[in-house]
Each structure stands twice: as structure tokens, then as C-alpha cells.
>>> print(open('query14.cif').read())   # mmCIF, C-alpha atoms; chains and numbers go by the auth columns
data_query
loop_
_atom_site.group_PDB
_atom_site.id
_atom_site.type_symbol
_atom_site.label_atom_id
_atom_site.label_comp_id
_atom_site.label_asym_id
_atom_site.label_seq_id
_atom_site.Cartn_x
_atom_site.Cartn_y
_atom_site.Cartn_z
_atom_site.B_iso_or_equiv
_atom_site.auth_seq_id
_atom_site.auth_asym_id
ATOM 1 C CA MET A 1 -17.720 11.297 35.047 0.00 183 A
ATOM 2 C CA ARG A 2 -16.271 7.979 36.201 0.00 184 A
ATOM 3 C CA ALA A 3 -12.636 8.995 35.720 0.00 185 A
ATOM 4 C CA GLU A 4 -13.070 12.333 37.501 0.00 186 A
ATOM 5 C CA VAL A 5 -14.881 10.773 40.451 0.00 187 A
ATOM 6 C CA LEU A 6 -12.276 8.025 40.907 0.00 188 A
ATOM 7 C CA ALA A 7 -9.418 10.522 40.677 0.00 189 A
ATOM 8 C CA ALA A 8 -10.977 12.888 43.219 0.00 190 A
ATOM 9 C CA GLN A 9 -11.102 10.579 46.238 0.00 191 A
ATOM 10 C CA PRO A 10 -9.685 7.417 47.803 0.00 192 A
ATOM 11 C CA THR A 11 -10.886 4.159 46.271 0.00 193 A
ATOM 12 C CA ASP A 12 -9.955 1.977 49.252 0.00 194 A
ATOM 13 C CA TRP A 13 -12.988 1.752 51.537 0.00 195 A
ATOM 14 C CA ARG A 14 -10.715 1.493 54.601 0.00 196 A
ATOM 15 C CA ARG A 15 -9.277 4.954 53.909 0.00 197 A
ATOM 16 C CA VAL A 16 -12.765 6.341 53.372 0.00 198 A
ATOM 17 C CA VAL A 17 -14.017 4.902 56.667 0.00 199 A
ATOM 18 C CA ALA A 18 -10.976 6.285 58.495 0.00 200 A
ATOM 19 C CA ALA A 19 -11.875 9.754 57.237 0.00 201 A
ATOM 20 C CA LEU A 20 -15.538 9.315 58.126 0.00 202 A
ATOM 21 C CA LEU A 21 -14.652 8.359 61.686 0.00 203 A
ATOM 22 C CA GLY A 22 -11.837 10.911 61.983 0.00 204 A
ATOM 23 C CA PRO A 23 -11.950 14.490 63.243 0.00 205 A
ATOM 24 C CA VAL A 24 -15.140 16.383 62.435 0.00 206 A
ATOM 25 C CA PRO A 25 -14.469 18.941 59.688 0.00 207 A
ATOM 26 C CA GLY A 26 -14.217 22.478 60.980 0.00 208 A
ATOM 27 C CA GLY A 27 -14.363 21.287 64.578 0.00 209 A
ATOM 28 C CA ARG A 28 -18.156 21.278 64.470 0.00 210 A
ATOM 29 C CA ALA A 29 -20.290 19.327 66.909 0.00 211 A
ATOM 30 C CA ILE A 30 -22.119 17.331 64.225 0.00 212 A
ATOM 31 C CA PHE A 31 -20.703 15.596 61.153 0.00 213 A
ATOM 32 C CA TYR A 32 -23.548 14.864 58.738 0.00 214 A
ATOM 33 C CA GLN A 33 -22.776 12.161 56.197 0.00 215 A
ATOM 34 C CA LYS A 34 -25.021 11.085 53.334 0.00 216 A
ATOM 35 C CA HIS A 35 -24.426 7.493 52.293 0.00 217 A
ATOM 36 C CA MET A 36 -25.983 5.744 49.311 0.00 218 A
ATOM 37 C CA ALA A 37 -27.127 2.233 50.159 0.00 219 A
ATOM 38 C CA HIS A 38 -26.093 0.833 46.780 0.00 220 A
ATOM 39 C CA HIS A 39 -22.538 2.083 47.403 0.00 221 A
ATOM 40 C CA MET A 40 -22.234 -0.154 50.479 0.00 222 A
ATOM 41 C CA SER A 41 -21.083 -3.193 48.539 0.00 223 A
ATOM 42 C CA GLY A 42 -20.567 -6.602 50.086 0.00 224 A
ATOM 43 C CA GLU A 43 -16.811 -6.197 50.443 0.00 225 A
ATOM 44 C CA ILE A 44 -17.126 -3.282 52.883 0.00 226 A
ATOM 45 C CA ASP A 45 -16.968 -4.197 56.580 0.00 227 A
ATOM 46 C CA LEU A 46 -19.933 -2.341 58.068 0.00 228 A
ATOM 47 C CA ALA A 47 -18.814 -2.505 61.707 0.00 229 A
ATOM 48 C CA TRP A 48 -17.896 1.204 61.526 0.00 230 A
ATOM 49 C CA MET A 49 -21.593 2.112 61.179 0.00 231 A
ATOM 50 C CA SER A 50 -22.122 1.293 64.846 0.00 232 A
ATOM 51 C CA ARG A 51 -20.046 4.369 65.713 0.00 233 A
ATOM 52 C CA CYS A 52 -22.552 6.629 63.954 0.00 234 A
ATOM 53 C CA ARG A 53 -26.170 7.624 64.476 0.00 235 A
ATOM 54 C CA ASN A 54 -28.037 6.292 61.458 0.00 236 A
ATOM 55 C CA ALA A 55 -31.294 7.463 59.886 0.00 237 A
ATOM 56 C CA PHE A 56 -32.882 6.237 56.672 0.00 238 A
ATOM 57 C CA LEU A 57 -34.340 8.422 53.911 0.00 239 A
ATOM 58 C CA ILE A 58 -36.880 6.675 51.700 0.00 240 A
ATOM 59 C CA ARG A 59 -38.824 7.510 48.535 0.00 241 A
ATOM 60 C CA SER A 60 -41.429 5.467 46.719 0.00 242 A
ATOM 61 C CA PRO A 61 -39.918 3.112 44.127 0.00 243 A
ATOM 62 C CA GLU A 62 -41.871 4.839 41.363 0.00 244 A
ATOM 63 C CA GLU A 63 -40.417 8.236 42.254 0.00 245 A
ATOM 64 C CA VAL A 64 -36.894 6.881 42.621 0.00 246 A
ATOM 65 C CA LEU A 65 -37.051 5.142 39.252 0.00 247 A
ATOM 66 C CA ALA A 66 -38.599 8.092 37.416 0.00 248 A
ATOM 67 C CA SER A 67 -35.859 10.360 38.770 0.00 249 A
ATOM 68 C CA TYR A 68 -33.008 7.905 38.252 0.00 250 A
ATOM 69 C CA VAL A 69 -33.655 7.205 34.577 0.00 251 A
ATOM 70 C CA VAL A 70 -33.592 10.916 33.750 0.00 252 A
ATOM 71 C CA ARG A 71 -29.842 10.838 34.451 0.00 253 A
ATOM 72 C CA ARG A 72 -28.915 7.228 33.755 0.00 254 A
ATOM 73 C CA GLY A 73 -31.395 6.143 31.091 0.00 255 A
ATOM 74 C CA GLU A 74 -32.106 2.770 32.720 0.00 256 A
ATOM 75 C CA ALA A 75 -32.271 1.239 36.177 0.00 257 A
ATOM 76 C CA ASN A 76 -32.423 -2.141 37.848 0.00 258 A
ATOM 77 C CA LEU A 77 -33.198 -3.170 41.416 0.00 259 A
ATOM 78 C CA GLU A 78 -29.555 -3.053 42.486 0.00 260 A
ATOM 79 C CA ASP A 79 -29.087 0.442 41.027 0.00 261 A
ATOM 80 C CA ILE A 80 -31.715 2.006 43.292 0.00 262 A
ATOM 81 C CA GLY A 81 -30.372 0.360 46.449 0.00 263 A
ATOM 82 C CA VAL A 82 -33.642 -0.550 48.177 0.00 264 A
ATOM 83 C CA VAL A 83 -32.635 -4.131 48.958 0.00 265 A
ATOM 84 C CA ARG A 84 -29.342 -3.019 50.480 0.00 266 A
ATOM 85 C CA GLN A 85 -31.095 -0.206 52.349 0.00 267 A
ATOM 86 C CA ALA A 86 -33.458 -2.723 53.950 0.00 268 A
ATOM 87 C CA GLU A 87 -30.488 -4.914 54.910 0.00 269 A
ATOM 88 C CA LEU A 88 -28.747 -1.942 56.522 0.00 270 A
ATOM 89 C CA PHE A 89 -31.952 -0.962 58.300 0.00 271 A
ATOM 90 C CA ASP A 90 -32.340 -4.485 59.701 0.00 272 A
ATOM 91 C CA ARG A 91 -28.725 -4.515 60.824 0.00 273 A
ATOM 92 C CA GLU A 92 -29.121 -1.207 62.638 0.00 274 A
ATOM 93 C CA ALA A 93 -32.456 -2.195 64.197 0.00 275 A
ATOM 94 C CA GLN A 94 -30.898 -5.383 65.536 0.00 276 A
ATOM 95 C CA ARG A 95 -27.953 -3.449 66.968 0.00 277 A
ATOM 96 C CA LEU A 96 -30.192 -0.860 68.639 0.00 278 A
ATOM 97 C CA GLY A 97 -32.957 -3.230 69.694 0.00 279 A
ATOM 98 C CA ALA A 98 -35.442 -0.806 68.090 0.00 280 A
ATOM 99 C CA PRO A 99 -36.054 0.630 64.611 0.00 281 A
ATOM 100 C CA PRO A 100 -33.763 3.521 63.673 0.00 282 A
ATOM 101 C CA PRO A 101 -35.395 6.729 62.376 0.00 283 A
ATOM 102 C CA VAL A 102 -36.936 6.535 58.902 0.00 284 A
ATOM 103 C CA ILE A 103 -38.015 9.666 57.069 0.00 285 A
ATOM 104 C CA GLU A 104 -39.938 9.859 53.807 0.00 286 A
ATOM 105 C CA ALA A 105 -38.729 12.499 51.346 0.00 287 A
ATOM 106 C CA ARG A 106 -42.279 13.552 50.457 0.00 288 A
ATOM 107 C CA ASP A 107 -43.070 14.187 54.146 0.00 289 A
ATOM 108 C CA VAL A 108 -40.102 16.540 54.393 0.00 290 A
ATOM 109 C CA LEU A 109 -41.127 18.425 51.261 0.00 291 A
ATOM 110 C CA ARG A 110 -44.743 18.773 52.425 0.00 292 A
ATOM 111 C CA ASP A 111 -43.675 20.411 55.689 0.00 293 A
ATOM 112 C CA PRO A 112 -39.893 20.787 56.057 0.00 294 A
ATOM 113 C CA ARG A 113 -40.080 22.259 59.554 0.00 295 A
ATOM 114 C CA HIS A 114 -42.207 19.382 60.817 0.00 296 A
ATOM 115 C CA GLY A 115 -40.304 16.635 58.984 0.00 297 A
ATOM 116 C CA LEU A 116 -36.825 17.838 59.885 0.00 298 A
ATOM 117 C CA GLY A 117 -37.969 18.649 63.394 0.00 299 A
ATOM 118 C CA ALA A 118 -39.095 15.046 63.860 0.00 300 A
ATOM 119 C CA LEU A 119 -35.782 13.761 62.504 0.00 301 A
ATOM 120 C CA CYS A 120 -33.775 16.071 64.748 0.00 302 A
ATOM 121 C CA ALA A 121 -35.802 14.981 67.765 0.00 303 A
ATOM 122 C CA ALA A 122 -35.219 11.311 66.927 0.00 304 A
ATOM 123 C CA LEU A 123 -31.465 11.940 66.688 0.00 305 A
ATOM 124 C CA ASP A 124 -31.257 14.222 69.754 0.00 306 A
ATOM 125 C CA ILE A 125 -30.181 17.175 67.628 0.00 307 A
ATOM 126 C CA ALA A 126 -31.488 20.688 68.218 0.00 308 A
ATOM 127 C CA PHE A 127 -33.632 21.909 65.325 0.00 309 A
ATOM 128 C CA ASP A 128 -32.470 25.207 63.821 0.00 310 A
ATOM 129 C CA GLU A 129 -34.501 27.427 61.459 0.00 311 A
ATOM 130 C CA ALA A 130 -31.324 27.798 59.373 0.00 312 A
ATOM 131 C CA MET A 131 -31.923 24.215 58.205 0.00 313 A
ATOM 132 C CA LEU A 132 -34.817 25.453 56.074 0.00 314 A
ATOM 133 C CA ALA A 133 -32.896 27.763 53.717 0.00 315 A
ATOM 134 C CA TRP A 134 -29.476 28.047 52.077 0.00 316 A
ATOM 135 C CA PRO A 135 -27.703 30.253 49.533 0.00 317 A
ATOM 136 C CA ALA A 136 -27.906 29.289 45.882 0.00 318 A
ATOM 137 C CA GLY A 137 -24.781 27.986 44.192 0.00 319 A
ATOM 138 C CA ARG A 138 -22.251 25.191 44.410 0.00 320 A
ATOM 139 C CA ARG A 139 -20.620 24.104 47.662 0.00 321 A
ATOM 140 C CA SER A 140 -17.136 22.738 48.184 0.00 322 A
ATOM 141 C CA SER A 141 -18.698 19.696 49.867 0.00 323 A
ATOM 142 C CA ASP A 142 -20.714 18.770 46.772 0.00 324 A
ATOM 143 C CA GLY A 143 -18.000 16.671 45.120 0.00 325 A
ATOM 144 C CA VAL A 144 -16.834 16.545 41.529 0.00 326 A
ATOM 145 C CA TRP A 145 -20.094 14.847 40.493 0.00 327 A
ATOM 146 C CA ALA A 146 -22.103 18.013 41.269 0.00 328 A
ATOM 147 C CA PRO A 147 -22.446 19.105 37.594 0.00 329 A
ATOM 148 C CA ALA A 148 -24.122 15.797 36.744 0.00 330 A
ATOM 149 C CA TRP A 149 -26.529 15.614 39.677 0.00 331 A
ATOM 150 C CA TYR A 150 -26.998 18.894 41.586 0.00 332 A
ATOM 151 C CA ASP A 151 -28.062 21.525 39.055 0.00 333 A
ATOM 152 C CA ALA A 152 -31.533 21.902 40.607 0.00 334 A
ATOM 153 C CA VAL A 153 -30.091 22.021 44.123 0.00 335 A
ATOM 154 C CA GLU A 154 -27.625 24.727 43.088 0.00 336 A
ATOM 155 C CA ARG A 155 -30.498 26.897 41.830 0.00 337 A
ATOM 156 C CA SER A 156 -32.578 26.381 44.983 0.00 338 A
ATOM 157 C CA THR A 157 -32.618 28.357 48.223 0.00 339 A
ATOM 158 C CA THR A 158 -35.195 26.344 50.166 0.00 340 A
ATOM 159 C CA PHE A 159 -37.260 23.157 49.959 0.00 341 A
ATOM 160 C CA ALA A 160 -39.657 22.998 47.015 0.00 342 A
ATOM 161 C CA ALA A 161 -43.193 21.689 47.351 0.00 343 A
ATOM 162 C CA PRO A 162 -43.439 18.034 46.338 0.00 344 A
ATOM 163 C CA ARG A 163 -44.274 17.275 42.732 0.00 345 A
ATOM 164 C CA PRO A 164 -47.353 15.186 42.005 0.00 346 A
ATOM 165 C CA PRO A 165 -46.649 11.567 42.922 0.00 347 A
ATOM 166 C CA VAL A 166 -45.420 9.262 40.164 0.00 348 A
ATOM 167 C CA ALA A 167 -48.020 6.552 39.636 0.00 349 A
ATOM 168 C CA PHE A 168 -47.056 2.979 38.846 0.00 350 A
ATOM 169 C CA ASP A 169 -49.053 3.183 35.606 0.00 351 A
ATOM 170 C CA ASP A 170 -47.000 6.210 34.517 0.00 352 A
ATOM 171 C CA LEU A 171 -43.739 4.256 34.541 0.00 353 A
ATOM 172 C CA ASP A 172 -42.132 2.954 31.387 0.00 354 A
ATOM 173 C CA PRO A 173 -43.181 -0.704 31.080 0.00 355 A
ATOM 174 C CA VAL A 174 -39.563 -1.846 31.444 0.00 356 A
ATOM 175 C CA LEU A 175 -39.425 -0.186 34.893 0.00 357 A
ATOM 176 C CA LYS A 176 -42.641 -1.663 36.266 0.00 358 A
ATOM 177 C CA PRO A 177 -41.106 -5.022 37.264 0.00 359 A
ATOM 178 C CA VAL A 178 -38.334 -3.128 39.089 0.00 360 A
ATOM 179 C CA ALA A 179 -40.909 -1.038 40.966 0.00 361 A
ATOM 180 C CA GLU A 180 -42.876 -4.171 41.872 0.00 362 A
ATOM 181 C CA ALA A 181 -39.743 -5.887 43.184 0.00 363 A
ATOM 182 C CA ALA A 182 -38.745 -2.776 45.169 0.00 364 A
ATOM 183 C CA ARG A 183 -42.160 -2.127 46.712 0.00 365 A
ATOM 184 C CA PRO A 184 -41.976 -4.660 49.605 0.00 366 A
ATOM 185 C CA TYR A 185 -38.654 -3.208 50.776 0.00 367 A
ATOM 186 C CA TYR A 186 -39.991 0.334 50.665 0.00 368 A
ATOM 187 C CA ASP A 187 -43.226 -0.636 52.435 0.00 369 A
ATOM 188 C CA ARG A 188 -41.338 -2.412 55.205 0.00 370 A
ATOM 189 C CA LEU A 189 -39.288 0.689 56.059 0.00 371 A
ATOM 190 C CA ALA A 190 -42.237 3.048 55.516 0.00 372 A
ATOM 191 C CA LYS A 191 -44.044 1.412 58.443 0.00 373 A
ATOM 192 C CA TYR A 192 -41.493 3.084 60.728 0.00 374 A
ATOM 193 C CA ARG A 193 -41.450 6.533 59.156 0.00 375 A
ATOM 194 C CA ILE A 194 -41.513 9.555 61.411 0.00 376 A
ATOM 195 C CA GLY A 195 -42.535 13.125 60.669 0.00 377 A
ATOM 196 C CA ALA A 196 -45.603 12.231 58.604 0.00 378 A
ATOM 197 C CA LEU A 197 -48.412 14.781 58.792 0.00 379 A
ATOM 198 C CA PRO A 198 -51.876 13.513 59.706 0.00 380 A
ATOM 199 C CA ARG A 199 -54.019 12.842 56.664 0.00 381 A
ATOM 200 C CA SER A 200 -56.833 15.318 56.017 0.00 382 A
ATOM 201 C CA PRO A 201 -60.333 13.915 56.721 0.00 383 A
#
>>> encode(input="query14.cif", output="C-alpha cells")
Amino acid sequence: MRAEVLAAQPTDWRRVVAALLGPVPGGRAIFYQKHMAHHMSGEIDLAWMSRCRNAFLIRSPEEVLASYVVRRGEANLEDIGVVRQAELFDREAQRLGAPPPVIEARDVLRDPRHGLGALCAALDIAFDEAMLAWPAGRRSSDGVWAPAWYDAVERSTTFAAPRPPVAFDDLDPVLKPVAEAARPYYDRLAKYRIGALPRSP
């Protein structure tokens, strides 16, 4: 869908940033933005990030890779963005003088109320029960890439229980070196994760 995606939005990062820092859509109090770390290429001036509250969503490298190759067929370290995510995390931690919030996807799926509640608290946002459910179907905010990526989301109405974890040994052999290279970056951010439930004895 490369052509459709490029045609649907500005391709100059300066115009994109201007929109991200512009008026909040619908006059709402909070403007949530999901950014993909691997989209933040070296040419983009990241100074604008300091005008936002930033939190970091992580998943184990094995789970990211297993999911990614379903759609793309192959993946390398740059594709999954963990190196860039760690760089952005370090930049934000240095700016704040403390680690920014980190949340693990599996923690949210295990207990959405607890996980999202912890994230909201870390960002000084009031938790709302409406965050736990939504109507099925496509949304205007999904973007033109929705048919390629969001079919499961469009069928959902709430958070699904986490699937069994993807083990390193279950990965295709060609992906194992990528998972090994990604693991230190994931582990470094995972040390700061919030919203984790206590482990059962």
C-alpha cells in the first residue's frame, strides 16, 4: 500500500510535526498520538518531542518478530525499531532527569484496568472505564493502511487475553539472530516498566 499511504498524508516531516503540535482535534483536552520508533529516521529533528508527554510501549523481541513476519514476511533489527526506541527513551530520560513511563503490552492484556490505570497515573491522566471497550468497526483515525494491519482490531470490542508467549526456540532460525540482537534493548527498557502485576507464588 506504499502509493496509497504516501498519497494520503504529507511526506515532509516538518508539516507532520506542525500538525502534531497544532490544535487538538475536536477541541479535546488530550491528543493521543501513536508513533513508531522506526519511523523516526535520523533526518527528523526530534526537538518537538519535548513538547509532548512521552510513554513507551514494549513487547518482547520474539513476539514482535513473530507478529511482524506474518504481514511482511521478513524482518531485520531496524524494521522492528528497538534500537531507535531505546535511543528515544534515553533522550527523554535525559530531558526529564528520570525514566519516562514504560508499559509492556502483555501486562496491559493480562489486566487492562490495572495496566492502563498505571499508565494514566504516570501521565497525570484520569482513568476512565470507557478506555476498556470500544465499538467494532473501522475508525476515521485508522489511516489508509487499516486494511493491511487492523483487521483484528476492527473485529474486537475489548482487550483480548494475551496469547501464549512466543519462545525464542519457536522462531524461524533466520529470526533468532535478530531476536538476540534486540533483547538487550528490550531488557533495558523493561527494567522501568510500570503496571506489572505481582507474580503468583
>>> residues_near_point(input="query14.cif", point="(-39.4, 2.6, 39.7)", cutoff="12 Å", atoms="all atoms listed in the file", output="number ranges by chain")
A: 241-252, 256-264, 347-365, 368
>>> resolve_selection(input="query14.cif", expression="the PyMOL selection byres ((chain A and resi 295) around 10)", output="PyMOL selection string")
chain A and resi 290-294+296-301+309-311+313-314+377
>>> write_last_selection(input="query14.cif", atoms="C-alpha atoms", output="mmCIF file, keeping the file's coordinate frame")
data_model
loop_
_atom_site.group_PDB
_atom_site.id
_atom_site.type_symbol
_atom_site.label_atom_id
_atom_site.label_comp_id
_atom_site.auth_asym_id
_atom_site.auth_seq_id
_atom_site.Cartn_x
_atom_site.Cartn_y
_atom_site.Cartn_z
ATOM 1 C CA VAL A 290 -40.102 16.540 54.393
ATOM 2 C CA LEU A 291 -41.127 18.425 51.261
ATOM 3 C CA ARG A 292 -44.743 18.773 52.425
ATOM 4 C CA ASP A 293 -43.675 20.411 55.689
ATOM 5 C CA PRO A 294 -39.893 20.787 56.057
ATOM 6 C CA HIS A 296 -42.207 19.382 60.817
ATOM 7 C CA GLY A 297 -40.304 16.635 58.984
ATOM 8 C CA LEU A 298 -36.825 17.838 59.885
ATOM 9 C CA GLY A 299 -37.969 18.649 63.394
ATOM 10 C CA ALA A 300 -39.095 15.046 63.860
ATOM 11 C CA LEU A 301 -35.782 13.761 62.504
ATOM 12 C CA PHE A 309 -33.632 21.909 65.325
ATOM 13 C CA ASP A 310 -32.470 25.207 63.821
ATOM 14 C CA GLU A 311 -34.501 27.427 61.459
ATOM 15 C CA MET A 313 -31.923 24.215 58.205
ATOM 16 C CA LEU A 314 -34.817 25.453 56.074
ATOM 17 C CA GLY A 377 -42.535 13.125 60.669
#
>>> resolve_selection(input="query14.cif", expression="the PyMOL selection byres ((chain A and resi 226) around 12)", output="number ranges by chain")
A: 193-199, 219-225, 227-231
>>> atom_distance(input="query14.cif", atom1="atom CA of A:Ala343", atom2="atom CA of A:Ala378")
14.9 Å
>>> resolve_selection(input="query14.cif", expression="the PyMOL selection byres ((chain A and resi 271) around 12)", output="VMD selection string")
chain A and resid 219 231 236 to 240 264 to 270 272 to 284 367 to 368 370 to 372 374
>>> atom_distance(input="query14.cif", atom1="atom CA of A:Asp333", atom2="atom CA of A:Met183")
15.1 Å
>>> atom_distance(input="query14.cif", atom1="atom CA of A:Phe341", atom2="atom CA of A:Ile212")
21.6 Å
>>> residues_around(input="query14.cif", residues="A:Arg320", least_positions_apart="2", cutoff="12 Å", atoms="all atoms listed in the file", output="PDB file with C-alpha atoms, in the coordinates of the input")
ATOM      1  CA  TRP A 316     -29.476  28.047  52.077  1.00  0.00           C
ATOM      2  CA  PRO A 317     -27.703  30.253  49.533  1.00  0.00           C
ATOM      3  CA  ALA A 318     -27.906  29.289  45.882  1.00  0.00           C
ATOM      4  CA  SER A 322     -17.136  22.738  48.184  1.00  0.00           C
ATOM      5  CA  SER A 323     -18.698  19.696  49.867  1.00  0.00           C
ATOM      6  CA  ASP A 324     -20.714  18.770  46.772  1.00  0.00           C
ATOM      7  CA  GLY A 325     -18.000  16.671  45.120  1.00  0.00           C
ATOM      8  CA  VAL A 326     -16.834  16.545  41.529  1.00  0.00           C
ATOM      9  CA  TRP A 327     -20.094  14.847  40.493  1.00  0.00           C
ATOM     10  CA  ALA A 328     -22.103  18.013  41.269  1.00  0.00           C
ATOM     11  CA  PRO A 329     -22.446  19.105  37.594  1.00  0.00           C
ATOM     12  CA  TRP A 331     -26.529  15.614  39.677  1.00  0.00           C
ATOM     13  CA  TYR A 332     -26.998  18.894  41.586  1.00  0.00           C
ATOM     14  CA  ASP A 333     -28.062  21.525  39.055  1.00  0.00           C
ATOM     15  CA  ALA A 334     -31.533  21.902  40.607  1.00  0.00           C
ATOM     16  CA  VAL A 335     -30.091  22.021  44.123  1.00  0.00           C
ATOM     17  CA  GLU A 336     -27.625  24.727  43.088  1.00  0.00           C
ATOM     18  CA  ARG A 337     -30.498  26.897  41.830  1.00  0.00           C
ATOM     19  CA  SER A 338     -32.578  26.381  44.983  1.00  0.00           C
ATOM     20  CA  THR A 339     -32.618  28.357  48.223  1.00  0.00           C
TER      21      THR A 339
END
>>> residues_around(input="query14.cif", residues="A:Ala211", least_positions_apart="4", cutoff="12 Å", atoms="only C-alpha atoms", output="tab-separated table (two decimals) with C-alpha atoms, in the coordinates of the input")
chain	number	residue	atom	x	y	z
A	205	PRO	CA	-11.95	14.49	63.24
A	206	VAL	CA	-15.14	16.38	62.44
A	207	PRO	CA	-14.47	18.94	59.69
A	307	ILE	CA	-30.18	17.18	67.63
A	308	ALA	CA	-31.49	20.69	68.22
>>> axis_aligned_box(input="query14.cif", around="stretch 273-282 of chain A", padding_each_side="4 Å", output="JSON")
{"center_x": -32.0, "center_y": -0.9, "center_z": 65.3, "size_x": 16.1, "size_y": 16.9, "size_z": 16.9}
>>> decode(input="query14.cif", residues="stretch 250-267 of chain A", atoms="N, CA and C atoms", output="PDB file, in the first residue's frame")
ATOM      1  N   TYR A 250       5.364  -9.508  13.244  1.00  0.00           N
ATOM      2  CA  TYR A 250       5.789  -8.702  12.095  1.00  0.00           C
ATOM      3  C   TYR A 250       5.883  -9.532  10.819  1.00  0.00           C
ATOM      4  N   VAL A 251       6.457 -10.723  10.912  1.00  0.00           N
ATOM      5  CA  VAL A 251       6.670 -11.508   9.693  1.00  0.00           C
ATOM      6  C   VAL A 251       5.376 -12.070   9.121  1.00  0.00           C
ATOM      7  N   VAL A 252       4.308 -12.098   9.918  1.00  0.00           N
ATOM      8  CA  VAL A 252       3.019 -12.522   9.373  1.00  0.00           C
ATOM      9  C   VAL A 252       2.596 -11.574   8.256  1.00  0.00           C
ATOM     10  N   ARG A 253       2.860 -10.281   8.430  1.00  0.00           N
ATOM     11  CA  ARG A 253       2.463  -9.279   7.439  1.00  0.00           C
ATOM     12  C   ARG A 253       3.553  -8.984   6.412  1.00  0.00           C
ATOM     13  N   ARG A 254       4.800  -9.006   6.852  1.00  0.00           N
ATOM     14  CA  ARG A 254       5.885  -8.554   5.979  1.00  0.00           C
ATOM     15  C   ARG A 254       6.764  -9.681   5.435  1.00  0.00           C
ATOM     16  N   GLY A 255       6.670 -10.864   6.011  1.00  0.00           N
ATOM     17  CA  GLY A 255       7.425 -11.993   5.501  1.00  0.00           C
ATOM     18  C   GLY A 255       8.840 -12.102   6.034  1.00  0.00           C
ATOM     19  N   GLU A 256       9.475 -10.980   6.334  1.00  0.00           N
ATOM     20  CA  GLU A 256      10.830 -10.975   6.879  1.00  0.00           C
ATOM     21  C   GLU A 256      10.999  -9.750   7.748  1.00  0.00           C
ATOM     22  N   ALA A 257      12.055  -9.745   8.556  1.00  0.00           N
ATOM     23  CA  ALA A 257      12.288  -8.604   9.442  1.00  0.00           C
ATOM     24  C   ALA A 257      13.755  -8.557   9.827  1.00  0.00           C
ATOM     25  N   ASN A 258      14.267  -7.327   9.953  1.00  0.00           N
ATOM     26  CA  ASN A 258      15.608  -7.144  10.485  1.00  0.00           C
ATOM     27  C   ASN A 258      15.517  -6.240  11.712  1.00  0.00           C
ATOM     28  N   LEU A 259      16.662  -5.979  12.329  1.00  0.00           N
ATOM     29  CA  LEU A 259      16.669  -5.218  13.577  1.00  0.00           C
ATOM     30  C   LEU A 259      16.106  -3.816  13.380  1.00  0.00           C
ATOM     31  N   GLU A 260      16.429  -3.189  12.266  1.00  0.00           N
ATOM     32  CA  GLU A 260      15.930  -1.839  12.009  1.00  0.00           C
ATOM     33  C   GLU A 260      14.415  -1.827  11.820  1.00  0.00           C
ATOM     34  N   ASP A 261      13.880  -2.867  11.170  1.00  0.00           N
ATOM     35  CA  ASP A 261      12.440  -2.941  10.928  1.00  0.00           C
ATOM     36  C   ASP A 261      11.628  -2.867  12.215  1.00  0.00           C
ATOM     37  N   ILE A 262      12.096  -3.521  13.277  1.00  0.00           N
ATOM     38  CA  ILE A 262      11.279  -3.603  14.491  1.00  0.00           C
ATOM     39  C   ILE A 262      11.535  -2.441  15.456  1.00  0.00           C
ATOM     40  N   GLY A 263      12.487  -1.580  15.144  1.00  0.00           N
ATOM     41  CA  GLY A 263      12.608  -0.299  15.831  1.00  0.00           C
ATOM     42  C   GLY A 263      13.120  -0.298  17.257  1.00  0.00           C
ATOM     43  N   VAL A 264      13.622  -1.421  17.772  1.00  0.00           N
ATOM     44  CA  VAL A 264      14.005  -1.447  19.184  1.00  0.00           C
ATOM     45  C   VAL A 264      15.228  -0.588  19.492  1.00  0.00           C
ATOM     46  N   VAL A 265      16.155  -0.517  18.559  1.00  0.00           N
ATOM     47  CA  VAL A 265      17.352   0.308  18.783  1.00  0.00           C
ATOM     48  C   VAL A 265      16.952   1.776  18.850  1.00  0.00           C
ATOM     49  N   ARG A 266      16.135   2.193  17.892  1.00  0.00           N
ATOM     50  CA  ARG A 266      15.679   3.590  17.875  1.00  0.00           C
ATOM     51  C   ARG A 266      14.813   3.878  19.094  1.00  0.00           C
ATOM     52  N   GLN A 267      13.992   2.937  19.503  1.00  0.00           N
ATOM     53  CA  GLN A 267      13.151   3.140  20.683  1.00  0.00           C
ATOM     54  C   GLN A 267      14.017   3.380  21.919  1.00  0.00           C
TER      55      GLN A 267
END
